[in-house]
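Inspection log for the structure reproduced underneath, given as structure tokens.
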Amino acid sequence: MTHEADDAMATGAVMAAADPRVSQVIICTPDKDLAQCVTADDRVVQLDRRRGVLFDRDGVIEKFGVSPESIPDYLAVVGDTADGFPGLPGWGAKSAASVLSRYVHLDEIPDDATEWNVEVRGAARLAATLAAHRADADLFRRIATVRLDAPVSESVDELEWTGPIEGFDEKCATIGAGRIAARAHLLSAERNS
């Protein structure tokens, strides 16, 4: 089984949040799919460093209109260009948020819009699209769901960064990332002073 970087971050976040020595885990990424890791008790939050915005559970709800546990379902219908899937035709952010804030998961949404107990514009069309494309939606949801079993480490202690490791400078040079190597050494020196 292969894992993506998102899976490693999610696995590490869950492991760190379970350690009583860790007061809070901050997942530093703008990736929408990692918002599903944000917890109700704010032990795990997400930081979009590009925008300088920290998202707790309320922040995820404010941004997407759904709770963290609905993020894979939300992305399944609206799409996620970062992960390369289009979502379902006609489903936009507002309609997805309205429907999923009521039903939470795609499996709970009735195929017939007359059975919906949420008002959303174009409900009949949205329900028909979802019913016709459930297999696609399930696939997209699986793609958007981070795995929590990536082989990251045995403990939080192993995750502590102590500076660039042997061979780091050479790897950076190989990929033309000399600035990253210099920055890593600077951060290490500042941390150890």
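Residues are referred to by chain and number: the chain letter is A, B, ... according to the order shown in the structure tokens, the number counts from 1 in that chain, and ligands are numbered separately from 1 in the order shown.
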
List the spatial neighbours of A:Cys28 as a list in words - criterion: any atom at most 12 Å away, only C-alpha atoms, same-chain residues fewer than 3 positions off excluded.
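Residues meeting the cut-off are Asp6, Met9, Ala10, Ala13, Val25, Asp31, Lys32, Leu34, Ala35, Cys37, Val38, Val44, Val45, Gln46, Leu47, Asp48, Arg49, Arg50, Arg51, Gly52, Val53, Leu54 and Phe55 of chain A.
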
Quick one: contact table of stretch 127-179 of chain A to stretch 84-104 of chain A, 12 Å max, nearest atom pair and distance in Å to one decimal per residue, counting only C-alpha atoms, chain and number order, as a tab-separated table?
```
residue	atom	partner	partner_atom	distance
A:Ala127	CA	A:Trp91	CA	9.8
A:Ala128	CA	A:Gly90	CA	10.5
A:Thr129	CA	A:Pro89	CA	7.0
A:Leu130	CA	A:Leu88	CA	7.3
A:Ala131	CA	A:Leu88	CA	10.7
A:Ala132	CA	A:Leu88	CA	9.9
A:His133	CA	A:Leu88	CA	7.4
A:Arg134	CA	A:Leu88	CA	9.3
A:Ala135	CA	A:Leu88	CA	10.8
A:Asp136	CA	A:Leu88	CA	7.9
A:Ala137	CA	A:Gly87	CA	7.1
A:Asp138	CA	A:Gly87	CA	10.4
A:Leu139	CA	A:Phe85	CA	9.4
A:Phe140	CA	A:Phe85	CA	6.6
A:Arg141	CA	A:Gly87	CA	9.4
A:Arg142	CA	A:Phe85	CA	11.1
A:Ile143	CA	A:Phe85	CA	8.5
A:Ala144	CA	A:Phe85	CA	9.2
```

Could you pull out all residues of chain A with a DSSP call of alpha helix (DSSP H) and give them as an MDAnalysis selection string?
chainID A and resid 5:18 57:64 71:78 93:103 123:132 134:144 156:159 168:174 178:192

Picked from stretch 35-165 of chain A by DSSP as strand (DSSP E), as a ChimeraX atom specification
/A:44-48,53-55

I need the chosen residues saved as a PDB file, in the first residue's frame, with N, CA and C atoms.
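Saved result, result-v9.pdb, follows:
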```pdb
ATOM      1  N   VAL A  44      -5.912  19.331  17.571  1.00  0.00           N
ATOM      2  CA  VAL A  44      -5.326  19.356  16.234  1.00  0.00           C
ATOM      3  C   VAL A  44      -5.987  20.495  15.468  1.00  0.00           C
ATOM      4  N   VAL A  45      -5.167  21.408  14.973  1.00  0.00           N
ATOM      5  CA  VAL A  45      -5.636  22.542  14.173  1.00  0.00           C
ATOM      6  C   VAL A  45      -4.826  22.582  12.883  1.00  0.00           C
ATOM      7  N   GLN A  46      -5.249  23.418  11.965  1.00  0.00           N
ATOM      8  CA  GLN A  46      -4.554  23.535  10.683  1.00  0.00           C
ATOM      9  C   GLN A  46      -4.139  24.974  10.461  1.00  0.00           C
ATOM     10  N   LEU A  47      -2.903  25.158  10.024  1.00  0.00           N
ATOM     11  CA  LEU A  47      -2.382  26.487   9.734  1.00  0.00           C
ATOM     12  C   LEU A  47      -2.123  26.621   8.244  1.00  0.00           C
ATOM     13  N   ASP A  48      -2.781  27.601   7.640  1.00  0.00           N
ATOM     14  CA  ASP A  48      -2.489  27.951   6.254  1.00  0.00           C
ATOM     15  C   ASP A  48      -1.424  29.035   6.329  1.00  0.00           C
ATOM     16  N   VAL A  53      -3.510  32.003   8.414  1.00  0.00           N
ATOM     17  CA  VAL A  53      -4.789  31.734   9.072  1.00  0.00           C
ATOM     18  C   VAL A  53      -4.729  30.375   9.768  1.00  0.00           C
ATOM     19  N   LEU A  54      -5.137  30.356  11.040  1.00  0.00           N
ATOM     20  CA  LEU A  54      -5.203  29.131  11.819  1.00  0.00           C
ATOM     21  C   LEU A  54      -6.658  28.681  11.876  1.00  0.00           C
ATOM     22  N   PHE A  55      -6.910  27.427  11.509  1.00  0.00           N
ATOM     23  CA  PHE A  55      -8.267  26.893  11.491  1.00  0.00           C
ATOM     24  C   PHE A  55      -8.466  25.884  12.612  1.00  0.00           C
TER      25      PHE A  55
END
```

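Going from atom CA of A:Leu148 over to atom CA of A:Ala5, you cover 11.3 Å.
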
Tell me which of A:Arg21, A:Thr114, A:Ile26, A:Thr162 sits closest to A:Glu190, counting only C-alpha atoms.
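Distance minimum relative to A:Glu190 lands on A:Thr162.
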
Could you tell me which of A:Asn192, A:Thr39, A:Asn117, A:Thr145 comes closest to A:Asp80 if we count only C-alpha atoms?
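Going through A:Asn192, A:Thr39, A:Asn117, A:Thr145 one by one, the smallest distance to A:Asp80 is for A:Thr145.
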
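Residues lying within 12 Å of A:Thr2, counting only C-alpha atoms and ignoring same-chain neighbours fewer than 6 positions away, are A:Ala8, A:Arg147, A:Asp149, A:Ala150, A:Pro151.
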
Using only C-alpha atoms for the distances, tell me which of A:Asp41, A:Ala76, A:Val156, A:Lys171 is nearest to A:Ala18.
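Selected residue with least distance to A:Ala18: A:Val156.
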
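Take the candidates A:Val78, A:Val152, A:Met15, A:Ile109 and check each one against A:His3 using only C-alpha atoms; the shortest distance goes to A:Val152.
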
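Here atom CA of A:Ala181 stands at a distance of 7.3 Å from atom CA of A:Phe168.
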
Among the residues A:Ala124, A:Val22, A:Ala182, A:Ile71, the one that comes closest to A:Val146 [using only C-alpha atoms]:
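Among the listed residues, A:Ile71 lies closest to A:Val146.
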
Best match for closeness to A:Pro20 among A:Tyr74, A:Glu160, A:Glu69, A:Arg43, counting only C-alpha atoms:
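Distance minimum relative to A:Pro20 lands on A:Arg43.
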